[in-house]
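With mmCIF, C-alpha atoms inside, this is query-v9.cif:
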```
data_entry
loop_
_atom_site.label_atom_id
_atom_site.label_comp_id
_atom_site.auth_asym_id
_atom_site.auth_seq_id
_atom_site.Cartn_x
_atom_site.Cartn_y
_atom_site.Cartn_z
CA GLU A 1 7.89 6.81 34.89
CA ASP A 2 8.27 7.42 31.16
CA ASP A 3 5.17 9.02 29.59
CA GLU A 4 6.43 8.77 26.01
CA GLU A 5 4.36 6.61 23.70
CA ASP A 6 5.99 3.77 21.84
CA ASP A 7 4.25 3.94 18.46
CA ASP A 8 6.39 1.29 16.75
CA LEU A 9 6.22 3.45 13.62
CA VAL A 10 8.91 5.48 11.91
CA VAL A 11 7.76 8.65 10.15
CA VAL A 12 10.27 10.23 7.79
CA GLU A 13 9.50 13.70 6.48
CA CYS A 14 11.43 13.94 3.22
CA GLY A 15 10.36 17.50 2.39
CA THR A 16 9.53 18.90 -1.05
CA PRO A 17 11.51 17.86 -4.16
CA ASN A 18 13.82 20.56 -5.56
CA GLU A 19 13.71 22.58 -2.33
CA ASP A 20 16.43 23.03 0.30
CA GLY A 21 16.45 20.25 2.85
CA TYR A 22 14.78 17.65 0.62
CA ASN A 23 16.10 14.21 1.54
CA ASP A 24 14.90 11.27 -0.55
CA ALA A 25 17.05 8.60 1.11
CA ALA A 26 13.97 6.87 2.61
CA LEU A 27 12.49 6.51 -0.89
CA PHE A 28 15.39 4.31 -2.02
CA GLN A 29 15.52 1.89 0.93
CA GLU A 30 13.13 -1.05 1.14
CA ALA A 31 11.68 -1.07 4.65
CA PHE A 32 10.53 -4.31 6.25
CA GLY A 33 8.52 -2.64 8.96
CA PRO A 34 6.12 0.24 9.56
CA VAL A 35 7.80 3.24 7.90
CA LEU A 36 5.90 6.17 6.46
CA ALA A 37 7.96 8.44 4.20
CA ILE A 38 6.15 11.72 3.52
CA VAL A 39 6.95 13.69 0.38
CA GLU A 40 5.26 17.04 -0.08
CA LEU A 41 4.63 17.62 -3.77
CA ALA A 42 4.32 21.25 -4.83
CA GLY A 43 1.32 22.49 -6.75
CA GLY A 44 -1.53 20.99 -4.77
CA ASP A 45 -3.09 24.38 -4.24
CA LYS A 46 -3.06 25.06 -8.00
CA ALA A 47 -4.25 21.65 -9.20
CA GLY A 48 -7.97 22.34 -8.92
CA THR A 49 -9.35 19.01 -7.72
CA PRO A 50 -7.76 16.07 -5.89
CA ASP A 51 -8.18 14.01 -9.07
CA GLN A 52 -6.28 16.57 -11.15
CA PHE A 53 -3.50 16.65 -8.53
CA LEU A 54 -3.23 12.84 -8.66
CA VAL A 55 -2.99 12.73 -12.45
CA GLU A 56 -0.89 15.85 -13.08
CA THR A 57 1.49 15.82 -10.09
CA VAL A 58 1.48 12.54 -8.14
CA LEU A 59 1.45 10.19 -11.16
CA PRO A 60 4.55 11.64 -12.87
CA PHE A 61 6.43 11.65 -9.54
CA LEU A 62 5.65 7.99 -8.78
CA ASN A 63 6.33 6.76 -12.31
CA ASP A 64 9.73 8.49 -12.53
CA LYS A 65 12.05 5.89 -11.00
CA SER A 66 14.73 8.54 -10.41
CA ASN A 67 12.37 9.73 -7.62
CA ILE A 68 11.52 6.47 -5.86
CA LEU A 69 12.55 2.79 -5.73
CA GLY A 70 10.35 -0.09 -6.73
CA THR A 71 7.05 -0.85 -8.37
CA LEU A 72 5.44 -3.50 -6.15
CA VAL A 73 2.63 -1.48 -4.58
CA ALA A 74 1.54 2.13 -4.31
CA SER A 75 -0.72 3.18 -1.45
CA VAL A 76 -3.02 6.18 -1.82
CA ILE A 77 -4.93 7.72 1.07
CA HIS A 78 -7.78 9.52 -0.67
CA PRO A 79 -10.59 11.74 0.71
CA ALA A 80 -13.67 9.99 2.02
CA SER A 81 -15.80 11.93 -0.44
CA VAL A 82 -14.21 10.11 -3.36
CA THR A 83 -15.24 6.51 -3.97
CA GLU A 84 -12.94 5.77 -6.91
CA LEU A 85 -9.67 7.09 -8.24
CA PRO A 86 -9.55 8.60 -11.73
CA SER A 87 -9.26 5.87 -14.38
CA GLU A 88 -6.36 7.75 -16.01
CA PHE A 89 -4.40 7.57 -12.75
CA ILE A 90 -5.03 3.83 -12.37
CA ALA A 91 -4.25 3.05 -16.02
CA LYS A 92 -1.01 5.04 -16.20
CA LEU A 93 0.39 4.19 -12.76
CA ARG A 94 3.37 1.88 -13.33
CA TYR A 95 3.04 -0.22 -10.18
CA ASN A 96 1.89 -3.82 -9.98
CA ALA A 97 -0.63 -3.16 -7.21
CA LEU A 98 -2.51 -0.10 -6.03
CA VAL A 99 -4.21 0.05 -2.64
CA VAL A 100 -6.60 2.83 -1.73
CA ASN A 101 -7.29 3.72 1.91
CA THR A 102 -5.78 0.51 3.22
CA THR A 103 -2.42 -1.01 4.09
CA PRO A 104 -0.14 -2.23 1.28
CA ILE A 105 0.13 -5.71 2.83
CA LEU A 106 -3.51 -6.31 1.88
CA SER A 107 -2.51 -6.21 -1.79
CA TYR A 108 -0.55 -9.46 -1.55
CA THR A 109 -3.24 -11.98 -0.60
CA PRO A 110 -5.92 -10.87 -3.08
CA SER A 111 -3.32 -10.50 -5.79
CA ALA A 112 -1.55 -13.80 -5.31
CA CYS A 113 -4.48 -15.96 -4.18
CA SER A 114 -7.59 -14.57 -5.86
CA GLY A 115 -6.71 -14.15 -9.50
CA GLY A 116 -4.54 -11.03 -9.51
CA LYS A 117 -0.76 -10.98 -9.64
CA TRP A 118 1.91 -9.79 -7.23
CA GLY A 119 5.36 -8.65 -8.29
CA GLY A 120 7.25 -5.76 -9.82
CA HIS A 121 5.70 -3.83 -12.70
CA ASP A 122 7.14 -4.77 -16.09
CA CYS A 123 8.52 -1.24 -16.62
CA ASP A 124 10.97 -1.69 -13.72
CA VAL A 125 12.95 -4.64 -15.11
CA ASP A 126 15.83 -2.55 -16.48
CA ASN A 127 15.82 0.18 -13.82
CA PRO A 128 19.46 1.27 -13.33
CA ARG A 129 18.78 2.32 -9.70
CA GLY A 130 17.57 -1.13 -8.73
CA SER A 131 14.18 -2.68 -8.36
CA SER A 132 11.89 -4.01 -5.70
CA GLY A 133 10.61 -7.23 -7.18
CA ARG A 134 10.99 -9.00 -10.50
CA GLY A 135 8.61 -11.54 -11.93
CA TYR A 136 5.32 -12.30 -10.21
CA VAL A 137 3.18 -14.84 -8.39
CA GLY A 138 -0.53 -15.33 -8.76
CA ASN A 139 -2.67 -14.95 -11.89
CA LEU A 140 -4.48 -18.15 -10.95
CA PHE A 141 -6.91 -17.76 -13.85
CA GLY A 142 -4.15 -17.38 -16.47
CA LEU A 143 -5.41 -14.00 -17.66
CA LYS A 144 -3.47 -12.47 -20.55
CA ASN A 145 -1.74 -9.10 -20.19
CA ILE A 146 -2.69 -8.60 -16.54
CA GLU A 147 -0.99 -5.39 -15.50
CA LYS A 148 -2.03 -4.54 -11.94
CA SER A 149 -4.38 -5.26 -9.08
CA VAL A 150 -6.39 -2.43 -7.48
CA ILE A 151 -7.68 -2.94 -3.94
CA TYR A 152 -10.02 -0.42 -2.30
CA GLY A 153 -10.35 -0.17 1.46
CA PRO A 154 -13.30 1.42 3.23
CA PRO A 155 -13.71 5.21 3.28
CA LEU A 156 -11.56 6.94 5.89
CA THR A 157 -14.65 7.77 7.92
CA THR A 158 -15.39 4.04 8.51
CA ALA A 159 -14.37 2.66 11.90
CA PRO A 160 -11.87 -0.22 11.67
CA LEU A 161 -13.19 -3.77 12.09
CA LEU A 162 -10.56 -4.52 14.71
CA ASP A 163 -9.12 -1.86 16.99
CA LEU A 164 -5.70 -3.16 17.93
CA SER A 165 -5.30 -0.49 20.61
CA LYS A 166 -7.90 -2.36 22.71
CA SER A 167 -7.70 -5.81 24.25
CA VAL A 168 -9.06 -8.74 22.30
CA PRO A 169 -12.19 -10.17 24.01
CA PRO A 170 -11.26 -13.28 26.04
CA VAL A 171 -13.91 -15.40 24.33
CA LEU A 172 -12.25 -14.67 20.97
CA LEU A 173 -8.89 -15.74 22.36
CA ASP A 174 -10.52 -18.99 23.49
CA VAL A 175 -11.90 -19.59 19.98
CA PHE A 176 -8.47 -18.95 18.42
CA HIS A 177 -6.92 -21.41 20.89
CA VAL A 178 -9.46 -24.18 20.18
CA VAL A 179 -9.12 -23.78 16.41
CA GLY A 180 -5.33 -23.59 16.66
CA VAL A 181 -4.88 -26.81 18.63
CA ALA A 182 -7.58 -28.88 16.92
CA ASN A 183 -6.30 -31.58 14.59
CA SER A 184 -9.05 -30.79 12.04
CA PRO A 185 -11.64 -28.08 11.35
CA ALA A 186 -14.43 -30.51 12.27
CA ASN A 187 -12.89 -31.19 15.66
CA ALA A 188 -12.58 -27.45 16.29
CA ILE A 189 -16.27 -26.87 15.48
CA PHE A 190 -17.68 -29.78 17.47
CA ARG A 191 -15.52 -29.52 20.59
#
```

Could you express the structure from this file as structure tokens?
Amino acid sequence: EDDEEDDDLVVVECGTPNEDGYNDAALFQEAFGPVLAIVELAGGDKAGTPDQFLVETVLPFLNDKSNILGTLVASVIHPASVTELPSEFIAKLRYNALVVNTTPILSYTPSACSGGKWGGHDCDVDNPRGSSGRGYVGNLFGLKNIEKSVIYGPPLTTAPLLDLSKSVPPVLLDVFHVVGVANSPANAIFR
């Protein structure tokens, strides 16, 4: 019997830029699956506050396209004690979408379907190392000069709405089945 867990997640520890053993290969490959590339940025102990570290260290690293590919979405996991990111960080971040304490996939639907936009940031059009997205979808309201969408998830101390490590209640599966096979929403409701 094999006791190893199958996490279905790849974690790549890149190391610290400009130090021996740093490998940034994962930062230049677009992954279509659950991959977490961890980069340890020096100076966190000298930055003062998490906000200062974001603005003075993380922001320049992310915006320098010689460090990382693409500008579709940046995901920030931020302490539960902080309810908003510094406005300077949000304004100067050259990514089309920013998600805080949530998964990057959640940036697509609100951006494309609820008035925001989804696509590469305008600064990345002439990137010599390549780009991850050009043009955009969304902007349903035709807003001028829309630059990015910012989506906040719940604080990290909040329990998830759906725990995928547990079985889905059978009654919920029945509801999904009825709705899925009904030929109209009304038929699903009144069955």

Compare A:Ser149, A:Gln52, A:Gln29, A:Ser66 by their minimum atom-to-atom distance to Asn96 (chain A), counting only C-alpha atoms, and give me the closest one.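 The shortest atom-to-atom distance to Asn96 (chain A) comes from A:Ser149.
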
Given the choices A:Trp118, A:Lys46, A:Leu9, A:Phe61, which gets closest to Ile146 (chain A) if the distance is worked out from all atoms listed in the file?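 Using all atoms listed in the file, the shortest distance to Ile146 (chain A) belongs to A:Trp118.
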
Identify which of the residues A:Val12, A:Val39, A:Ala97, A:Leu156 lies closest to Thr109 (chain A), counting all atoms listed in the file when measuring atom-to-atom distances.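 Ranked by minimum distance to Thr109 (chain A), first place goes to A:Ala97.
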
Using the chain letters and numbers from this file, what does the PyMOL selection byres ((chain A and resi 104) around 12) select? Give the answer as an MDAnalysis selection string. chainID A and resid 32:36 72:77 96:103 105:111 118 149:153

Export of the given selection (C-alpha atoms) as a PDB file, in the frame of the given file:
```pdb
ATOM      1  CA  PHE A  32      10.530  -4.310   6.250  1.00  0.00           C
ATOM      2  CA  GLY A  33       8.520  -2.640   8.960  1.00  0.00           C
ATOM      3  CA  PRO A  34       6.120   0.240   9.560  1.00  0.00           C
ATOM      4  CA  VAL A  35       7.800   3.240   7.900  1.00  0.00           C
ATOM      5  CA  LEU A  36       5.900   6.170   6.460  1.00  0.00           C
ATOM      6  CA  LEU A  72       5.440  -3.500  -6.150  1.00  0.00           C
ATOM      7  CA  VAL A  73       2.630  -1.480  -4.580  1.00  0.00           C
ATOM      8  CA  ALA A  74       1.540   2.130  -4.310  1.00  0.00           C
ATOM      9  CA  SER A  75      -0.720   3.180  -1.450  1.00  0.00           C
ATOM     10  CA  VAL A  76      -3.020   6.180  -1.820  1.00  0.00           C
ATOM     11  CA  ILE A  77      -4.930   7.720   1.070  1.00  0.00           C
ATOM     12  CA  ASN A  96       1.890  -3.820  -9.980  1.00  0.00           C
ATOM     13  CA  ALA A  97      -0.630  -3.160  -7.210  1.00  0.00           C
ATOM     14  CA  LEU A  98      -2.510  -0.100  -6.030  1.00  0.00           C
ATOM     15  CA  VAL A  99      -4.210   0.050  -2.640  1.00  0.00           C
ATOM     16  CA  VAL A 100      -6.600   2.830  -1.730  1.00  0.00           C
ATOM     17  CA  ASN A 101      -7.290   3.720   1.910  1.00  0.00           C
ATOM     18  CA  THR A 102      -5.780   0.510   3.220  1.00  0.00           C
ATOM     19  CA  THR A 103      -2.420  -1.010   4.090  1.00  0.00           C
ATOM     20  CA  ILE A 105       0.130  -5.710   2.830  1.00  0.00           C
ATOM     21  CA  LEU A 106      -3.510  -6.310   1.880  1.00  0.00           C
ATOM     22  CA  SER A 107      -2.510  -6.210  -1.790  1.00  0.00           C
ATOM     23  CA  TYR A 108      -0.550  -9.460  -1.550  1.00  0.00           C
ATOM     24  CA  THR A 109      -3.240 -11.980  -0.600  1.00  0.00           C
ATOM     25  CA  PRO A 110      -5.920 -10.870  -3.080  1.00  0.00           C
ATOM     26  CA  SER A 111      -3.320 -10.500  -5.790  1.00  0.00           C
ATOM     27  CA  TRP A 118       1.910  -9.790  -7.230  1.00  0.00           C
ATOM     28  CA  SER A 149      -4.380  -5.260  -9.080  1.00  0.00           C
ATOM     29  CA  VAL A 150      -6.390  -2.430  -7.480  1.00  0.00           C
ATOM     30  CA  ILE A 151      -7.680  -2.940  -3.940  1.00  0.00           C
ATOM     31  CA  TYR A 152     -10.020  -0.420  -2.300  1.00  0.00           C
ATOM     32  CA  GLY A 153     -10.350  -0.170   1.460  1.00  0.00           C
TER      33      GLY A 153
END
```

Would you work out the distance separating CA of Gly119 (chain A) from CA of Pro50 (chain A), expressed in Å to one decimal? 28.1 Å

Counting only C-alpha atoms, which of A:Lys117, A:Asp64, A:Asp174, A:Phe53 gets nearest to Phe89 (chain A)?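 Of the candidates, the smallest distance to Phe89 (chain A) is held by A:Phe53.
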
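The coordinates place CA of Lys144 (chain A) at 26.5 Å from CA of Val55 (chain A).
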
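Shortest atom-to-atom contact with Thr16 (chain A) among A:Gly48, A:Ala42, A:Pro169, A:Lys65: A:Ala42, counting all atoms listed in the file.
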
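Across A:Pro154, A:Gly70, A:Gly21, A:Pro60, the tightest approach to Leu93 (chain A) is made by A:Pro60 when counting only C-alpha atoms.
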
How many Å lie between CA of Tyr95 (chain A) and CA of Asp45 (chain A), rounded to one decimal?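 It comes out at 26.0 Å.
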
Applied to this file, what does the PyMOL selection byres ((chain A and resi 13) around 6) return in terms of residues, put as a PyMOL selection string? chain A and resi 12+14-15+37-38
